[in-house]
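K.L.:
First the structure, which I've put down as structure tokens, then a few questions once you've had a look.
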Amino acid sequence: MRLLIMGAPGAGKGTQAVGVAAHYRVPAISTGDIFRANVKNGTPLGKQVDAIMKAGNYVPDELTEEIVANRLSEPDARKGFLLDGFPRTMHQVDALDDYLDQHGTTLDAVIFLDVDAEMLIARLLKRAQTEGRADDNETTIRHRMDVYRDSTQPLLDAYAKRDLLVRVDGQGSVDEVASRIAAAVDAAVTR
Ligand code: ADP
């Protein structure tokens with residue numbers, strides 16, 4: 001199973017990705033987590049992306065694409081994966097298509113977690129208090145929303161045109177949303 005999970009910042013991608021990946025026995029691969037781990041460990045990559053992430057901007061496409069291609073080439077991702085937070089630009093969509101083409105494979109479904117805009121801001125502000133993520137302050141949150149709307153929302157149309165998009169209502173408890181996702185993905189891949 002080769003899946004993507006998309007949604008605005010605060011839509012709950014990370015939380016749901018872990019459950020969905022376990023359900024389909026594939027690794028959950030989060031570009032945000034990879035970057036944050038590098039920042040935390042002070043690696044050269046971390047030093048390169050730290051300020052970009054703090055400002056709520058996207059890491060350059062080529063760099064992000066290289067990180068993902070390397071990760072997808074690891075043995076645990078050969079039979080399937082769930083990508084969380086990638087692709088986020090049309091350039092990244094093309095890069096992922098090329099990678100999958102070269103490996104003779106395709107995507108099975110793209111999960112879109114749909115959450116109302118006001119709810120998103122409220123969730124992120126709450127997460128700012130509990131987790132203390134460097135990019136969870138109101139100015140950066142609003143900027144990330146704008147970047148998402150301009151750069152990432154168009155991807156939903158692109159995947160809808162290919163009949164890959166599985167829209168799921170992301171409002172409700174974690175478990176409610178998780179069962180909605182499983183039902184919707186199962187229905188989409190068996191149709
Ligand atoms: P959120 O969806 O809440 O913004 P993520 O953990 O997915 O959280 O991403 C955090 C940050 O990591 C982004 O704001 C961006 O700076 C960087 N990032 C993650 N994925 C990508 C990507 N595919 N392309 C460029 N930058 C990315």
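Residues are named by chain letter and number: chains run A, B, ... in the order of the structure tokens, numbers start at 1 in each chain, and ligands are numbered from 1 in the order shown.
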Quick one: pick out all helix (DSSP H, G or I) residues within range 51-117 of chain A from a backbone DSSP run and write them as number ranges by chain.

P.N.:
A: 51-54, 61-72, 75-77, 90-102, 117

K.L.:
How would the residues just picked look written out with N, CA and C atoms as a compact mmCIF listing (two decimals), in the first residue's frame?

P.N.:
# COMPACT_ATOMS: atom_id res chain seq x y z
N ALA A 51 16.15 27.73 10.43
CA ALA A 51 15.56 29.06 10.30
C ALA A 51 14.35 29.04 9.36
N ILE A 52 14.42 28.24 8.32
CA ILE A 52 13.31 28.13 7.35
C ILE A 52 12.06 27.65 8.06
N MET A 53 12.22 26.59 8.87
CA MET A 53 11.07 26.02 9.57
C MET A 53 10.51 26.99 10.61
N LYS A 54 11.42 27.66 11.34
CA LYS A 54 10.96 28.61 12.37
C LYS A 54 10.12 29.71 11.75
N ASP A 61 12.60 22.59 -2.55
CA ASP A 61 12.11 21.34 -3.16
C ASP A 61 13.21 20.30 -3.35
N GLU A 62 14.32 20.70 -4.01
CA GLU A 62 15.35 19.71 -4.36
C GLU A 62 15.88 19.00 -3.12
N LEU A 63 16.08 19.79 -2.06
CA LEU A 63 16.60 19.21 -0.81
C LEU A 63 15.58 18.24 -0.22
N THR A 64 14.32 18.67 -0.15
CA THR A 64 13.26 17.83 0.41
C THR A 64 13.11 16.55 -0.42
N GLU A 65 13.16 16.70 -1.74
CA GLU A 65 12.97 15.54 -2.63
C GLU A 65 14.08 14.51 -2.46
N GLU A 66 15.30 15.01 -2.25
CA GLU A 66 16.43 14.10 -2.06
C GLU A 66 16.28 13.32 -0.75
N ILE A 67 15.85 14.01 0.29
CA ILE A 67 15.66 13.36 1.60
C ILE A 67 14.61 12.26 1.47
N VAL A 68 13.51 12.57 0.77
CA VAL A 68 12.43 11.59 0.64
C VAL A 68 12.87 10.40 -0.22
N ALA A 69 13.55 10.67 -1.33
CA ALA A 69 14.00 9.57 -2.20
C ALA A 69 14.92 8.63 -1.42
N ASN A 70 15.81 9.20 -0.61
CA ASN A 70 16.71 8.36 0.19
C ASN A 70 15.92 7.52 1.18
N ARG A 71 14.93 8.14 1.81
CA ARG A 71 14.15 7.41 2.81
C ARG A 71 13.32 6.29 2.16
N LEU A 72 12.75 6.60 0.98
CA LEU A 72 11.91 5.59 0.29
C LEU A 72 12.75 4.43 -0.22
N PRO A 75 14.98 -0.37 2.99
CA PRO A 75 14.28 -1.65 2.81
C PRO A 75 12.83 -1.64 3.34
N ASP A 76 12.58 -1.00 4.46
CA ASP A 76 11.24 -1.07 5.06
C ASP A 76 10.18 -0.36 4.22
N ALA A 77 10.61 0.49 3.28
CA ALA A 77 9.63 1.25 2.47
C ALA A 77 9.43 0.65 1.08
N MET A 90 3.81 21.37 -6.39
CA MET A 90 3.67 20.62 -7.65
C MET A 90 5.02 20.04 -8.07
N HIS A 91 6.09 20.77 -7.79
CA HIS A 91 7.43 20.26 -8.11
C HIS A 91 7.67 18.94 -7.37
N GLN A 92 7.27 18.88 -6.12
CA GLN A 92 7.44 17.65 -5.34
C GLN A 92 6.54 16.53 -5.85
N VAL A 93 5.34 16.90 -6.34
CA VAL A 93 4.45 15.89 -6.94
C VAL A 93 5.16 15.24 -8.13
N ASP A 94 5.75 16.08 -8.99
CA ASP A 94 6.44 15.55 -10.17
C ASP A 94 7.63 14.68 -9.77
N ALA A 95 8.36 15.13 -8.76
CA ALA A 95 9.52 14.35 -8.32
C ALA A 95 9.09 12.99 -7.78
N LEU A 96 7.99 12.96 -7.03
CA LEU A 96 7.49 11.69 -6.50
C LEU A 96 7.02 10.79 -7.64
N ASP A 97 6.32 11.36 -8.62
CA ASP A 97 5.88 10.58 -9.79
C ASP A 97 7.08 9.95 -10.48
N ASP A 98 8.13 10.74 -10.68
CA ASP A 98 9.33 10.24 -11.36
C ASP A 98 9.94 9.09 -10.56
N TYR A 99 10.03 9.29 -9.25
CA TYR A 99 10.63 8.25 -8.39
C TYR A 99 9.82 6.95 -8.51
N LEU A 100 8.50 7.06 -8.41
CA LEU A 100 7.65 5.86 -8.44
C LEU A 100 7.71 5.20 -9.82
N ASP A 101 7.71 6.02 -10.88
CA ASP A 101 7.86 5.51 -12.25
C ASP A 101 9.11 4.67 -12.38
N GLN A 102 10.21 5.25 -11.92
CA GLN A 102 11.51 4.57 -12.03
C GLN A 102 11.50 3.25 -11.27
N ALA A 117 -11.14 25.86 8.96
CA ALA A 117 -10.00 26.76 9.19
C ALA A 117 -9.89 27.29 10.62

K.L.:
Residues at most 7 Å from ligand 1, using only C-alpha atoms and all ligand atoms? Could they come as a PyMOL selection string?

P.N.:
chain A and resi 8-10+30-33+35+52-53+56-61+64+84-88+144

K.L.:
Skipping near chain neighbours, those fewer than 5 positions away, what residues fall within 9 Å of Pro27 in chain A using only C-alpha atoms, listed as a compact mmCIF listing (two decimals) with N, CA and C atoms, in the first residue's frame?

P.N.:
# COMPACT_ATOMS: atom_id res chain seq x y z
N VAL A 18 0.30 7.75 12.02
CA VAL A 18 0.85 6.63 12.79
C VAL A 18 -0.14 5.46 12.82
N ALA A 21 -0.68 3.93 9.22
CA ALA A 21 0.50 3.16 8.81
C ALA A 21 0.52 1.80 9.51
N ALA A 22 0.21 1.79 10.81
CA ALA A 22 0.19 0.53 11.56
C ALA A 22 -0.88 -0.39 10.98
N ASP A 76 12.58 -1.00 4.46
CA ASP A 76 11.24 -1.07 5.06
C ASP A 76 10.18 -0.36 4.22
N ALA A 77 10.61 0.49 3.28
CA ALA A 77 9.63 1.25 2.47
C ALA A 77 9.43 0.65 1.08
N GLY A 80 5.82 -0.62 0.62
CA GLY A 80 4.74 0.33 0.86
C GLY A 80 5.17 1.40 1.84
N PHE A 81 4.36 2.46 1.90
CA PHE A 81 4.68 3.57 2.81
C PHE A 81 3.46 4.47 2.93
N LEU A 82 3.50 5.27 3.97
CA LEU A 82 2.54 6.37 4.11
C LEU A 82 3.35 7.64 4.27
N LEU A 83 3.27 8.52 3.30
CA LEU A 83 4.00 9.78 3.36
C LEU A 83 3.14 10.85 4.01

K.L.:
Write out as a ChimeraX atom specification which residues come within 12 Å of Ser179 in chain A when counting only C-alpha atoms, dropping same-chain ones fewer than 5 positions away.

P.N.:
/A:16,19-20,23,168-170,172-174,184-186

K.L.:
Tell me, in Å to one decimal, how far CA of Val189 in chain A is from CA of Asp150 in chain A.

P.N.:
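CA of Asp150 in chain A lies 29.2 Å from CA of Val189 in chain A.
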
K.L.:
Using only C-alpha atoms, find the one residue out of A:Met1, A:Val177, A:Ile34, A:Ile111 that sits nearest to Arg78 in chain A.

P.N.:
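Checking each candidate against Arg78 in chain A, we get A:Met1 as the closest.
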
K.L.:
So what do you get for CA of Leu164 in chain A versus CA of Gly12 in chain A, distance-wise?

P.N.:
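Distance between the two atoms: 20.0 Å.
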
K.L.:
Check the smallest atom-to-atom distance from each of A:Ala182, A:Leu165, A:Ile29, A:Leu124 to Ser73 in chain A using only C-alpha atoms, then report the winner.

P.N.:
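The answer is A:Ile29, which sits nearest to Ser73 in chain A.
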
K.L.:
Return the single residue from A:Arg25, A:Lys13, A:Arg180, A:Arg149 that is closest to Arg167 in chain A, with distances computed using only C-alpha atoms.

P.N.:
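Among A:Arg25, A:Lys13, A:Arg180, A:Arg149, it is A:Arg180 that comes nearest to Arg167 in chain A.
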
K.L.:
For Thr106 in chain A, which of A:Lys79, A:Ala37, A:Leu45, A:Thr190 is the closest residue, counting only C-alpha atoms?

P.N.:
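The closest residue to Thr106 in chain A is A:Lys79.
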
K.L.:
Within range 19-187 of chain A, find each residue whose DSSP state, derived from the backbone, is strand (DSSP E or B), and express the selection as number ranges by chain.

P.N.:
A: 28-30, 81-84, 109-114, 165-169
